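Enquirer: Can you keep this structure in mind? I'll have questions shortly.
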Amino acid sequence: MAVKIYAQGFDPWQEVQAYQNAARQMAGKFGATNVFIGTMRDFNEGDDVKSMHLEHYPGMTEKQLEKIIAEARRQWSVIDALVVHRVGEILPNEPIVLVVVWASHRGDAFDASRYIMEALKSKAPFWKKEALLSEDQRWVEKNTDGYKRE
Amino acid sequence: MAVKIYAQGFDPWQEVQAYQNAARQMAGKFGATNVFIGTMRDFNEGDDVKSMHLEHYPGMTEKQLEKIIAEARRQWSVIDALVVHRVGEILPNEPIVLVVVWASHRGDAFDASRYIMEALKSKAPFWKKEALLSEDQRWVEKNTDGYKRE
Amino acid sequence: MTMSIKVRYFASLKESLGRSEDDLEFTGPVTVKDIWCRANVGKPAPDNLLAAVNMEYVDWNSVVRDGDEVAFFPPVTGG
Amino acid sequence: MTMSIKVRYFASLKESLGRSEDDLEFTGPVTVKDIWCRANVGKPAPDNLLAAVNMEYVDWNSVVRDGDEVAFFPPVTGG
């Protein structure tokens, strides 16, 4: 299990591969991997977004993410999990968050991965401030519920 | 949208990156990517599995996978989707299936990816035959329901 | 008028029948079920056997036309 | 006995208060709510403001101890 906070850009595919290759004891044991990547878009709520600043609460962020993963492991049969999250200045098309869950069965991989993402969105202390193309800046006020159908 | 059937081993991370890099019009537009990878395990139903042969119905397999993706796009707001599936001789720890969904929002990415996997498991004409360490061979008889909690 | 129908078998069904296809000729309208019966005289179809015509899943009462490809196979186990 | 409490503010709250932390001293038991009131006299806490003590979410009626780190921040928007 690992939680990583990066102040610089990261390649999510590289992260997953490096983690999986290092976890040699998993080879042949996991049947299902679910990966979620949140990527910065160049628009939000109808406005063009130029960049974003992601603030966090060092220490609490890691602590909460570790608790979220531990809770996912209590609820589902999870072999391993990885969460990577960016902070600092982020540009459109850059990854913001990576969640990976390895499990024996696909139901557990999907459920645990989604649970981690939803819990992260509601509990991990990160805050986004958008810099618009119009030169305005604004704090993102609230995360939406990812389980709800629109 | 792409459906690929490979008779040789493939690197799922390489596949996703290559597809995403080629789809330049997506850059900055997708906020959520969900990836599912099914990997061959070295055990199944209590037995050690040495290798697996995956048979398919060329033509019908592609047709059914394309229909499944089209149905996912009708039900959810999906920007793009990719499905890659192995056939032929497969060894433990090798990827069998890759499903990727790009969407604006995470709910759509998770739901559509899971829908595609479940539909693939119940509708795409593939059949697995396991070669056990005991030298026995056996056809896998039935796929389980991935939505069901055990 | 004579109809030519190609019949294909897959996976464990192909193994147990000992062949992967049949080429059959019929006169007059036939259903998927008729095709199974003619191709496998005296052998009841295994439980859960699936049928496709021209690579689309069909009901066993579906009518088959000249030139159609009919396939029979066990439940699928991909993914 | 005197208690030293570090108070931290994040994101839009930090901006609107114009500072990121306070170091306060108290004598006797205090709750999270007491700390907000002392640190921000006459300013009601914004709706939905969250509170943490030692990096765990807490209720505003939680009792705070000597050496604790108390944090206030708006709803989180990561991911």
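Chain labels run A, B, ... following the order of the structure tokens; each chain numbers its residues from 1, and ligands are numbered from 1 in the order shown.
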Might you pull out every residue within 12 Å of Gln17 of chain B, with only C-alpha atoms counted and same-chain residues fewer than 4 positions away left off, and present them as a list in words?

Expert: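 With the cut-off at 12 Å, the set is Asp11, Pro12, Trp13 and Gln14 of chain A; Asp11, Pro12, Trp13, Asn21, Ala22, Ala23, Arg24, Thr33, Val35, Leu82 and Val100 of chain B.
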
Enquirer: Please give chain D as an mmCIF file with N, CA, C and O atoms, in the first residue's frame, after it has been superposed on chain C by least squares over all Cα atoms paired in order.

Expert:
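selection_34.cif written:
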```cif
data_model
loop_
_atom_site.group_PDB
_atom_site.id
_atom_site.type_symbol
_atom_site.label_atom_id
_atom_site.label_comp_id
_atom_site.auth_asym_id
_atom_site.auth_seq_id
_atom_site.Cartn_x
_atom_site.Cartn_y
_atom_site.Cartn_z
ATOM 1 N N MET D 1 -36.665 -24.528 -53.904
ATOM 2 C CA MET D 1 -35.370 -23.836 -53.824
ATOM 3 C C MET D 1 -34.491 -24.441 -52.711
ATOM 4 O O MET D 1 -34.982 -24.766 -51.640
ATOM 5 N N THR D 2 -33.237 -24.604 -53.015
ATOM 6 C CA THR D 2 -32.323 -25.187 -52.035
ATOM 7 C C THR D 2 -31.573 -24.091 -51.282
ATOM 8 O O THR D 2 -31.119 -23.130 -51.883
ATOM 9 N N MET D 3 -31.471 -24.251 -49.952
ATOM 10 C CA MET D 3 -30.733 -23.272 -49.135
ATOM 11 C C MET D 3 -29.454 -23.923 -48.615
ATOM 12 O O MET D 3 -29.490 -25.057 -48.121
ATOM 13 N N SER D 4 -28.359 -23.183 -48.734
ATOM 14 C CA SER D 4 -27.088 -23.662 -48.160
ATOM 15 C C SER D 4 -26.843 -22.957 -46.838
ATOM 16 O O SER D 4 -26.862 -21.724 -46.782
ATOM 17 N N ILE D 5 -26.602 -23.726 -45.819
ATOM 18 C CA ILE D 5 -26.377 -23.155 -44.484
ATOM 19 C C ILE D 5 -25.060 -23.693 -43.944
ATOM 20 O O ILE D 5 -24.835 -24.908 -43.936
ATOM 21 N N LYS D 6 -24.226 -22.779 -43.511
ATOM 22 C CA LYS D 6 -22.984 -23.196 -42.841
ATOM 23 C C LYS D 6 -23.243 -23.230 -41.347
ATOM 24 O O LYS D 6 -23.810 -22.290 -40.787
ATOM 25 N N VAL D 7 -22.833 -24.331 -40.698
ATOM 26 C CA VAL D 7 -23.015 -24.453 -39.248
ATOM 27 C C VAL D 7 -21.645 -24.536 -38.601
ATOM 28 O O VAL D 7 -20.783 -25.300 -39.069
ATOM 29 N N ARG D 8 -21.433 -23.735 -37.550
ATOM 30 C CA ARG D 8 -20.125 -23.750 -36.870
ATOM 31 C C ARG D 8 -20.285 -24.104 -35.400
ATOM 32 O O ARG D 8 -21.281 -23.764 -34.760
ATOM 33 N N TYR D 9 -19.273 -24.772 -34.873
ATOM 34 C CA TYR D 9 -19.268 -25.187 -33.462
ATOM 35 C C TYR D 9 -17.995 -24.672 -32.799
ATOM 36 O O TYR D 9 -16.937 -24.646 -33.432
ATOM 37 N N PHE D 10 -18.106 -24.301 -31.519
ATOM 38 C CA PHE D 10 -16.930 -23.767 -30.828
ATOM 39 C C PHE D 10 -16.686 -24.430 -29.472
ATOM 40 O O PHE D 10 -17.608 -24.984 -28.862
ATOM 41 N N ALA D 11 -15.435 -24.325 -29.054
ATOM 42 C CA ALA D 11 -15.027 -24.663 -27.677
ATOM 43 C C ALA D 11 -15.366 -26.114 -27.309
ATOM 44 O O ALA D 11 -15.113 -27.022 -28.107
ATOM 45 N N SER D 12 -15.917 -26.341 -26.107
ATOM 46 C CA SER D 12 -16.151 -27.712 -25.641
ATOM 47 C C SER D 12 -17.152 -28.434 -26.541
ATOM 48 O O SER D 12 -17.083 -29.658 -26.698
ATOM 49 N N LEU D 13 -18.072 -27.716 -27.142
ATOM 50 C CA LEU D 13 -19.034 -28.349 -28.054
ATOM 51 C C LEU D 13 -18.307 -28.910 -29.282
ATOM 52 O O LEU D 13 -18.549 -30.045 -29.695
ATOM 53 N N LYS D 14 -17.413 -28.109 -29.836
ATOM 54 C CA LYS D 14 -16.613 -28.548 -30.986
ATOM 55 C C LYS D 14 -15.842 -29.817 -30.629
ATOM 56 O O LYS D 14 -15.821 -30.786 -31.403
ATOM 57 N N GLU D 15 -15.253 -29.824 -29.430
ATOM 58 C CA GLU D 15 -14.498 -31.005 -28.992
ATOM 59 C C GLU D 15 -15.382 -32.231 -28.849
ATOM 60 O O GLU D 15 -15.021 -33.326 -29.276
ATOM 61 N N SER D 16 -16.556 -32.044 -28.227
ATOM 62 C CA SER D 16 -17.387 -33.224 -27.972
ATOM 63 C C SER D 16 -18.023 -33.743 -29.265
ATOM 64 O O SER D 16 -18.243 -34.943 -29.411
ATOM 65 N N LEU D 17 -18.302 -32.850 -30.211
ATOM 66 C CA LEU D 17 -18.849 -33.312 -31.495
ATOM 67 C C LEU D 17 -17.744 -33.873 -32.391
ATOM 68 O O LEU D 17 -18.025 -34.655 -33.308
ATOM 69 N N GLY D 18 -16.502 -33.438 -32.139
ATOM 70 C CA GLY D 18 -15.393 -33.920 -32.950
ATOM 71 C C GLY D 18 -15.295 -33.241 -34.309
ATOM 72 O O GLY D 18 -14.615 -33.720 -35.214
ATOM 73 N N ARG D 19 -15.989 -32.099 -34.495
ATOM 74 C CA ARG D 19 -15.851 -31.350 -35.749
ATOM 75 C C ARG D 19 -16.191 -29.882 -35.497
ATOM 76 O O ARG D 19 -16.863 -29.553 -34.503
ATOM 77 N N SER D 20 -15.713 -29.001 -36.361
ATOM 78 C CA SER D 20 -15.923 -27.569 -36.131
ATOM 79 C C SER D 20 -16.996 -26.981 -37.031
ATOM 80 O O SER D 20 -17.466 -25.883 -36.797
ATOM 81 N N GLU D 21 -17.378 -27.710 -38.110
ATOM 82 C CA GLU D 21 -18.458 -27.165 -38.926
ATOM 83 C C GLU D 21 -19.162 -28.214 -39.772
ATOM 84 O O GLU D 21 -18.651 -29.328 -39.973
ATOM 85 N N ASP D 22 -20.336 -27.829 -40.249
ATOM 86 C CA ASP D 22 -21.118 -28.638 -41.178
ATOM 87 C C ASP D 22 -21.622 -27.717 -42.278
ATOM 88 O O ASP D 22 -21.917 -26.546 -42.022
ATOM 89 N N ASP D 23 -21.714 -28.254 -43.492
ATOM 90 C CA ASP D 23 -22.398 -27.523 -44.556
ATOM 91 C C ASP D 23 -23.651 -28.297 -44.898
ATOM 92 O O ASP D 23 -23.584 -29.454 -45.301
ATOM 93 N N LEU D 24 -24.803 -27.661 -44.677
ATOM 94 C CA LEU D 24 -26.074 -28.363 -44.850
ATOM 95 C C LEU D 24 -26.894 -27.724 -45.965
ATOM 96 O O LEU D 24 -26.747 -26.544 -46.268
ATOM 97 N N GLU D 25 -27.763 -28.519 -46.534
ATOM 98 C CA GLU D 25 -28.698 -27.992 -47.526
ATOM 99 C C GLU D 25 -30.118 -28.313 -47.094
ATOM 100 O O GLU D 25 -30.404 -29.399 -46.589
ATOM 101 N N PHE D 26 -30.980 -27.345 -47.269
ATOM 102 C CA PHE D 26 -32.386 -27.507 -46.894
ATOM 103 C C PHE D 26 -33.270 -27.036 -48.039
ATOM 104 O O PHE D 26 -32.857 -26.192 -48.839
ATOM 105 N N THR D 27 -34.495 -27.568 -48.085
ATOM 106 C CA THR D 27 -35.499 -26.964 -48.954
ATOM 107 C C THR D 27 -36.618 -26.512 -48.039
ATOM 108 O O THR D 27 -37.020 -27.250 -47.134
ATOM 109 N N GLY D 28 -37.081 -25.308 -48.209
ATOM 110 C CA GLY D 28 -38.156 -24.770 -47.373
ATOM 111 C C GLY D 28 -37.615 -24.154 -46.100
ATOM 112 O O GLY D 28 -36.431 -24.307 -45.783
ATOM 113 N N PRO D 29 -38.472 -23.446 -45.368
ATOM 114 C CA PRO D 29 -38.042 -22.677 -44.193
ATOM 115 C C PRO D 29 -37.569 -23.584 -43.046
ATOM 116 O O PRO D 29 -38.175 -24.634 -42.803
ATOM 117 N N VAL D 30 -36.500 -23.157 -42.414
ATOM 118 C CA VAL D 30 -35.986 -23.894 -41.254
ATOM 119 C C VAL D 30 -35.662 -22.942 -40.115
ATOM 120 O O VAL D 30 -35.333 -21.786 -40.341
ATOM 121 N N THR D 31 -35.736 -23.465 -38.898
ATOM 122 C CA THR D 31 -35.356 -22.674 -37.722
ATOM 123 C C THR D 31 -33.990 -23.154 -37.237
ATOM 124 O O THR D 31 -33.478 -24.190 -37.684
ATOM 125 N N VAL D 32 -33.443 -22.400 -36.299
ATOM 126 C CA VAL D 32 -32.172 -22.774 -35.681
ATOM 127 C C VAL D 32 -32.280 -24.176 -35.071
ATOM 128 O O VAL D 32 -31.382 -25.007 -35.207
ATOM 129 N N LYS D 33 -33.411 -24.420 -34.429
ATOM 130 C CA LYS D 33 -33.624 -25.730 -33.799
ATOM 131 C C LYS D 33 -33.615 -26.854 -34.834
ATOM 132 O O LYS D 33 -32.998 -27.907 -34.628
ATOM 133 N N ASP D 34 -34.265 -26.636 -35.983
ATOM 134 C CA ASP D 34 -34.264 -27.631 -37.066
ATOM 135 C C ASP D 34 -32.834 -27.942 -37.501
ATOM 136 O O ASP D 34 -32.495 -29.098 -37.793
ATOM 137 N N ILE D 35 -32.033 -26.899 -37.563
ATOM 138 C CA ILE D 35 -30.651 -27.080 -38.025
ATOM 139 C C ILE D 35 -29.866 -27.950 -37.053
ATOM 140 O O ILE D 35 -29.139 -28.858 -37.446
ATOM 141 N N TRP D 36 -30.031 -27.650 -35.751
ATOM 142 C CA TRP D 36 -29.357 -28.495 -34.752
ATOM 143 C C TRP D 36 -29.779 -29.960 -34.919
ATOM 144 O O TRP D 36 -28.935 -30.868 -34.946
ATOM 145 N N CYS D 37 -31.076 -30.193 -35.060
ATOM 146 C CA CYS D 37 -31.596 -31.562 -35.124
ATOM 147 C C CYS D 37 -31.080 -32.305 -36.362
ATOM 148 O O CYS D 37 -30.691 -33.471 -36.283
ATOM 149 N N ARG D 38 -31.060 -31.611 -37.498
ATOM 150 C CA ARG D 38 -30.561 -32.262 -38.709
ATOM 151 C C ARG D 38 -29.051 -32.538 -38.605
ATOM 152 O O ARG D 38 -28.571 -33.601 -39.007
ATOM 153 N N ALA D 39 -28.315 -31.563 -38.052
ATOM 154 C CA ALA D 39 -26.853 -31.712 -38.013
ATOM 155 C C ALA D 39 -26.419 -32.727 -36.966
ATOM 156 O O ALA D 39 -25.351 -33.336 -37.078
ATOM 157 N N ASN D 40 -27.249 -32.877 -35.932
ATOM 158 C CA ASN D 40 -26.842 -33.749 -34.820
ATOM 159 C C ASN D 40 -27.990 -34.700 -34.473
ATOM 160 O O ASN D 40 -28.539 -34.665 -33.367
ATOM 161 N N VAL D 41 -28.303 -35.557 -35.405
ATOM 162 C CA VAL D 41 -29.460 -36.441 -35.283
ATOM 163 C C VAL D 41 -29.377 -37.299 -34.017
ATOM 164 O O VAL D 41 -28.358 -37.932 -33.752
ATOM 165 N N GLY D 42 -30.433 -37.230 -33.229
ATOM 166 C CA GLY D 42 -30.498 -38.064 -32.028
ATOM 167 C C GLY D 42 -29.721 -37.515 -30.843
ATOM 168 O O GLY D 42 -29.750 -38.101 -29.763
ATOM 169 N N LYS D 43 -29.021 -36.359 -31.052
ATOM 170 C CA LYS D 43 -28.272 -35.762 -29.919
ATOM 171 C C LYS D 43 -29.011 -34.526 -29.422
ATOM 172 O O LYS D 43 -29.015 -33.497 -30.103
ATOM 173 N N PRO D 44 -29.570 -34.583 -28.215
ATOM 174 C CA PRO D 44 -30.204 -33.360 -27.711
ATOM 175 C C PRO D 44 -29.145 -32.274 -27.475
ATOM 176 O O PRO D 44 -28.002 -32.591 -27.135
ATOM 177 N N ALA D 45 -29.516 -31.040 -27.699
ATOM 178 C CA ALA D 45 -28.573 -29.934 -27.484
ATOM 179 C C ALA D 45 -28.261 -29.823 -25.991
ATOM 180 O O ALA D 45 -29.168 -29.934 -25.166
ATOM 181 N N PRO D 46 -26.994 -29.647 -25.627
ATOM 182 C CA PRO D 46 -26.654 -29.480 -24.199
ATOM 183 C C PRO D 46 -27.392 -28.282 -23.599
ATOM 184 O O PRO D 46 -27.708 -27.338 -24.310
ATOM 185 N N ASP D 47 -27.658 -28.353 -22.312
ATOM 186 C CA ASP D 47 -28.272 -27.228 -21.608
ATOM 187 C C ASP D 47 -27.420 -25.973 -21.792
ATOM 188 O O ASP D 47 -26.197 -26.045 -21.831
ATOM 189 N N ASN D 48 -28.070 -24.849 -21.870
ATOM 190 C CA ASN D 48 -27.378 -23.546 -21.944
ATOM 191 C C ASN D 48 -26.666 -23.288 -23.257
ATOM 192 O O ASN D 48 -25.970 -22.295 -23.385
ATOM 193 N N LEU D 49 -26.795 -24.193 -24.224
ATOM 194 C CA LEU D 49 -26.120 -23.966 -25.496
ATOM 195 C C LEU D 49 -26.660 -22.685 -26.122
ATOM 196 O O LEU D 49 -27.851 -22.409 -26.100
ATOM 197 N N LEU D 50 -25.750 -21.868 -26.655
ATOM 198 C CA LEU D 50 -26.139 -20.601 -27.278
ATOM 199 C C LEU D 50 -26.117 -20.751 -28.792
ATOM 200 O O LEU D 50 -25.373 -21.573 -29.333
ATOM 201 N N ALA D 51 -26.928 -19.942 -29.460
ATOM 202 C CA ALA D 51 -26.974 -19.983 -30.918
ATOM 203 C C ALA D 51 -26.837 -18.578 -31.476
ATOM 204 O O ALA D 51 -27.317 -17.611 -30.884
ATOM 205 N N ALA D 52 -26.150 -18.480 -32.617
ATOM 206 C CA ALA D 52 -26.015 -17.190 -33.308
ATOM 207 C C ALA D 52 -26.280 -17.403 -34.790
ATOM 208 O O ALA D 52 -25.965 -18.463 -35.342
ATOM 209 N N VAL D 53 -26.885 -16.408 -35.417
ATOM 210 C CA VAL D 53 -27.021 -16.417 -36.872
ATOM 211 C C VAL D 53 -26.343 -15.164 -37.383
ATOM 212 O O VAL D 53 -26.628 -14.052 -36.902
ATOM 213 N N ASN D 54 -25.426 -15.348 -38.308
ATOM 214 C CA ASN D 54 -24.636 -14.228 -38.846
ATOM 215 C C ASN D 54 -24.031 -13.375 -37.730
ATOM 216 O O ASN D 54 -24.057 -12.149 -37.766
ATOM 217 N N MET D 55 -23.531 -14.076 -36.704
ATOM 218 C CA MET D 55 -22.785 -13.432 -35.624
ATOM 219 C C MET D 55 -23.630 -12.563 -34.681
ATOM 220 O O MET D 55 -23.093 -11.732 -33.954
ATOM 221 N N GLU D 56 -24.944 -12.787 -34.708
ATOM 222 C CA GLU D 56 -25.828 -12.148 -33.728
ATOM 223 C C GLU D 56 -26.535 -13.254 -32.948
ATOM 224 O O GLU D 56 -26.980 -14.244 -33.538
ATOM 225 N N TYR D 57 -26.665 -13.052 -31.618
ATOM 226 C CA TYR D 57 -27.383 -14.041 -30.811
ATOM 227 C C TYR D 57 -28.828 -14.152 -31.276
ATOM 228 O O TYR D 57 -29.463 -13.137 -31.584
ATOM 229 N N VAL D 58 -29.322 -15.376 -31.321
ATOM 230 C CA VAL D 58 -30.722 -15.571 -31.719
ATOM 231 C C VAL D 58 -31.389 -16.604 -30.821
ATOM 232 O O VAL D 58 -30.744 -17.408 -30.146
ATOM 233 N N ASP D 59 -32.692 -16.554 -30.871
ATOM 234 C CA ASP D 59 -33.585 -17.524 -30.278
ATOM 235 C C ASP D 59 -33.553 -18.802 -31.126
ATOM 236 O O ASP D 59 -33.362 -18.715 -32.332
ATOM 237 N N TRP D 60 -33.789 -19.960 -30.504
ATOM 238 C CA TRP D 60 -33.746 -21.211 -31.262
ATOM 239 C C TRP D 60 -34.909 -21.364 -32.246
ATOM 240 O O TRP D 60 -34.904 -22.242 -33.094
ATOM 241 N N ASN D 61 -35.910 -20.513 -32.105
ATOM 242 C CA ASN D 61 -37.028 -20.581 -33.051
ATOM 243 C C ASN D 61 -36.845 -19.621 -34.224
ATOM 244 O O ASN D 61 -37.728 -19.521 -35.084
ATOM 245 N N SER D 62 -35.716 -18.915 -34.264
ATOM 246 C CA SER D 62 -35.471 -17.978 -35.364
ATOM 247 C C SER D 62 -35.406 -18.714 -36.692
ATOM 248 O O SER D 62 -34.863 -19.818 -36.780
ATOM 249 N N VAL D 63 -35.905 -18.060 -37.698
ATOM 250 C CA VAL D 63 -35.870 -18.627 -39.035
ATOM 251 C C VAL D 63 -34.534 -18.289 -39.689
ATOM 252 O O VAL D 63 -34.011 -17.179 -39.537
ATOM 253 N N VAL D 64 -33.974 -19.276 -40.386
ATOM 254 C CA VAL D 64 -32.659 -19.121 -41.016
ATOM 255 C C VAL D 64 -32.854 -19.043 -42.524
ATOM 256 O O VAL D 64 -33.738 -19.704 -43.075
ATOM 257 N N ARG D 65 -32.028 -18.182 -43.152
ATOM 258 C CA ARG D 65 -32.167 -17.981 -44.607
ATOM 259 C C ARG D 65 -30.971 -18.531 -45.381
ATOM 260 O O ARG D 65 -29.917 -18.774 -44.808
ATOM 261 N N ASP D 66 -31.156 -18.642 -46.660
ATOM 262 C CA ASP D 66 -30.100 -19.141 -47.545
ATOM 263 C C ASP D 66 -28.820 -18.321 -47.355
ATOM 264 O O ASP D 66 -28.859 -17.092 -47.352
ATOM 265 N N GLY D 67 -27.720 -18.990 -47.184
ATOM 266 C CA GLY D 67 -26.437 -18.299 -47.057
ATOM 267 C C GLY D 67 -26.073 -17.902 -45.635
ATOM 268 O O GLY D 67 -24.970 -17.422 -45.381
ATOM 269 N N ASP D 68 -26.997 -18.095 -44.699
ATOM 270 C CA ASP D 68 -26.705 -17.714 -43.305
ATOM 271 C C ASP D 68 -25.619 -18.599 -42.695
ATOM 272 O O ASP D 68 -25.480 -19.772 -43.057
ATOM 273 N N GLU D 69 -24.892 -18.018 -41.758
ATOM 274 C CA GLU D 69 -23.942 -18.797 -40.953
ATOM 275 C C GLU D 69 -24.562 -18.976 -39.578
ATOM 276 O O GLU D 69 -24.854 -17.999 -38.893
ATOM 277 N N VAL D 70 -24.754 -20.220 -39.192
ATOM 278 C CA VAL D 70 -25.349 -20.520 -37.889
ATOM 279 C C VAL D 70 -24.245 -21.055 -36.986
ATOM 280 O O VAL D 70 -23.413 -21.854 -37.423
ATOM 281 N N ALA D 71 -24.205 -20.583 -35.743
ATOM 282 C CA ALA D 71 -23.165 -21.070 -34.828
ATOM 283 C C ALA D 71 -23.795 -21.546 -33.528
ATOM 284 O O ALA D 71 -24.778 -20.971 -33.049
ATOM 285 N N PHE D 72 -23.225 -22.614 -32.983
ATOM 286 C CA PHE D 72 -23.642 -23.130 -31.675
ATOM 287 C C PHE D 72 -22.419 -23.153 -30.761
ATOM 288 O O PHE D 72 -21.332 -23.560 -31.194
ATOM 289 N N PHE D 73 -22.615 -22.707 -29.522
ATOM 290 C CA PHE D 73 -21.482 -22.731 -28.586
ATOM 291 C C PHE D 73 -21.944 -22.680 -27.133
ATOM 292 O O PHE D 73 -23.055 -22.228 -26.852
ATOM 293 N N PRO D 74 -21.072 -23.132 -26.217
ATOM 294 C CA PRO D 74 -21.418 -23.104 -24.783
ATOM 295 C C PRO D 74 -21.345 -21.668 -24.247
ATOM 296 O O PRO D 74 -20.881 -20.770 -24.946
ATOM 297 N N PRO D 75 -21.817 -21.461 -23.013
ATOM 298 C CA PRO D 75 -21.720 -20.130 -22.389
ATOM 299 C C PRO D 75 -20.306 -19.576 -22.528
ATOM 300 O O PRO D 75 -19.329 -20.330 -22.426
ATOM 301 N N VAL D 76 -20.201 -18.282 -22.755
ATOM 302 C CA VAL D 76 -18.894 -17.666 -23.008
ATOM 303 C C VAL D 76 -18.157 -17.417 -21.690
ATOM 304 O O VAL D 76 -18.778 -17.227 -20.644
ATOM 305 N N THR D 77 -16.832 -17.464 -21.761
ATOM 306 C CA THR D 77 -16.029 -17.331 -20.535
ATOM 307 C C THR D 77 -14.806 -16.454 -20.767
ATOM 308 O O THR D 77 -13.713 -16.738 -20.274
ATOM 309 N N GLY D 78 -14.991 -15.366 -21.508
ATOM 310 C CA GLY D 78 -13.868 -14.452 -21.746
ATOM 311 C C GLY D 78 -13.653 -13.475 -20.600
ATOM 312 O O GLY D 78 -14.290 -13.562 -19.557
ATOM 313 N N GLY D 79 -12.739 -12.556 -20.822
ATOM 314 C CA GLY D 79 -12.504 -11.473 -19.860
ATOM 315 C C GLY D 79 -11.542 -11.829 -18.758
ATOM 316 O O GLY D 79 -11.228 -12.971 -18.533
#
```

Enquirer: How close does chain B get to chain D? List, as JSON lines, each residue of chain B within 12 Å, its nearest atom pair and the distance in Å to one decimal, counting only C-alpha atoms.

Expert:
```
{"residue": "B:Gly31", "atom": "CA", "partner": "D:Gly79", "partner_atom": "CA", "distance": 10.1}
{"residue": "B:Ala32", "atom": "CA", "partner": "D:Gly79", "partner_atom": "CA", "distance": 10.1}
{"residue": "B:His105", "atom": "CA", "partner": "D:Gly79", "partner_atom": "CA", "distance": 11.4}
{"residue": "B:Arg106", "atom": "CA", "partner": "D:Gly79", "partner_atom": "CA", "distance": 10.0}
```

Enquirer: Please return, as a PyMOL selection string, all residues of chain A that DSSP assigns to strand (DSSP E) on the basis of the backbone.

Expert: chain A and resi 2-6+32-39+43-44+47-56+80-86+88-90+95-103+126-132+137-139

Enquirer: Tell me, in Å to one decimal, how far atom CA of Thr39 of chain B is from atom CA of Ile5 of chain A.

Expert: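 Taking atom CA of Thr39 of chain B and atom CA of Ile5 of chain A, their separation equals 28.1 Å.
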
Enquirer: If you measure from atom CA of Lys128 of chain A to atom CA of Val84 of chain A, what distance in Å do you get, rounded to one decimal?

Expert: 16.2 Å

Enquirer: Can you work out the spacing between atom CA of Lys63 of chain A and atom CA of Gly88 of chain A in Å, to one decimal?

Expert: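 These two atoms are separated by 19.1 Å.
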
Enquirer: Measuring atom to atom with only C-alpha atoms, identify which of A:Gly9, A:Pro92, A:Ala112, A:Lys4 is nearest to Met26 of chain B.

Expert: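 Ranking A:Gly9, A:Pro92, A:Ala112, A:Lys4 by distance to Met26 of chain B, first place goes to A:Pro92.
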
Enquirer: Run DSSP on the backbone and give me the residues of segment 32-127 of chain B it puts in helix (DSSP H, G or I), as a PyMOL selection string.

Expert: chain B and resi 60-75+106-123

Enquirer: Determine which residues of chain B sit within 10 Å of chain A, taking into account only C-alpha atoms, and present them as a PyMOL selection string.

Expert: chain B and resi 12-14+16-17+26-43+49+76-77+91-111+113-114+117-118+144-150
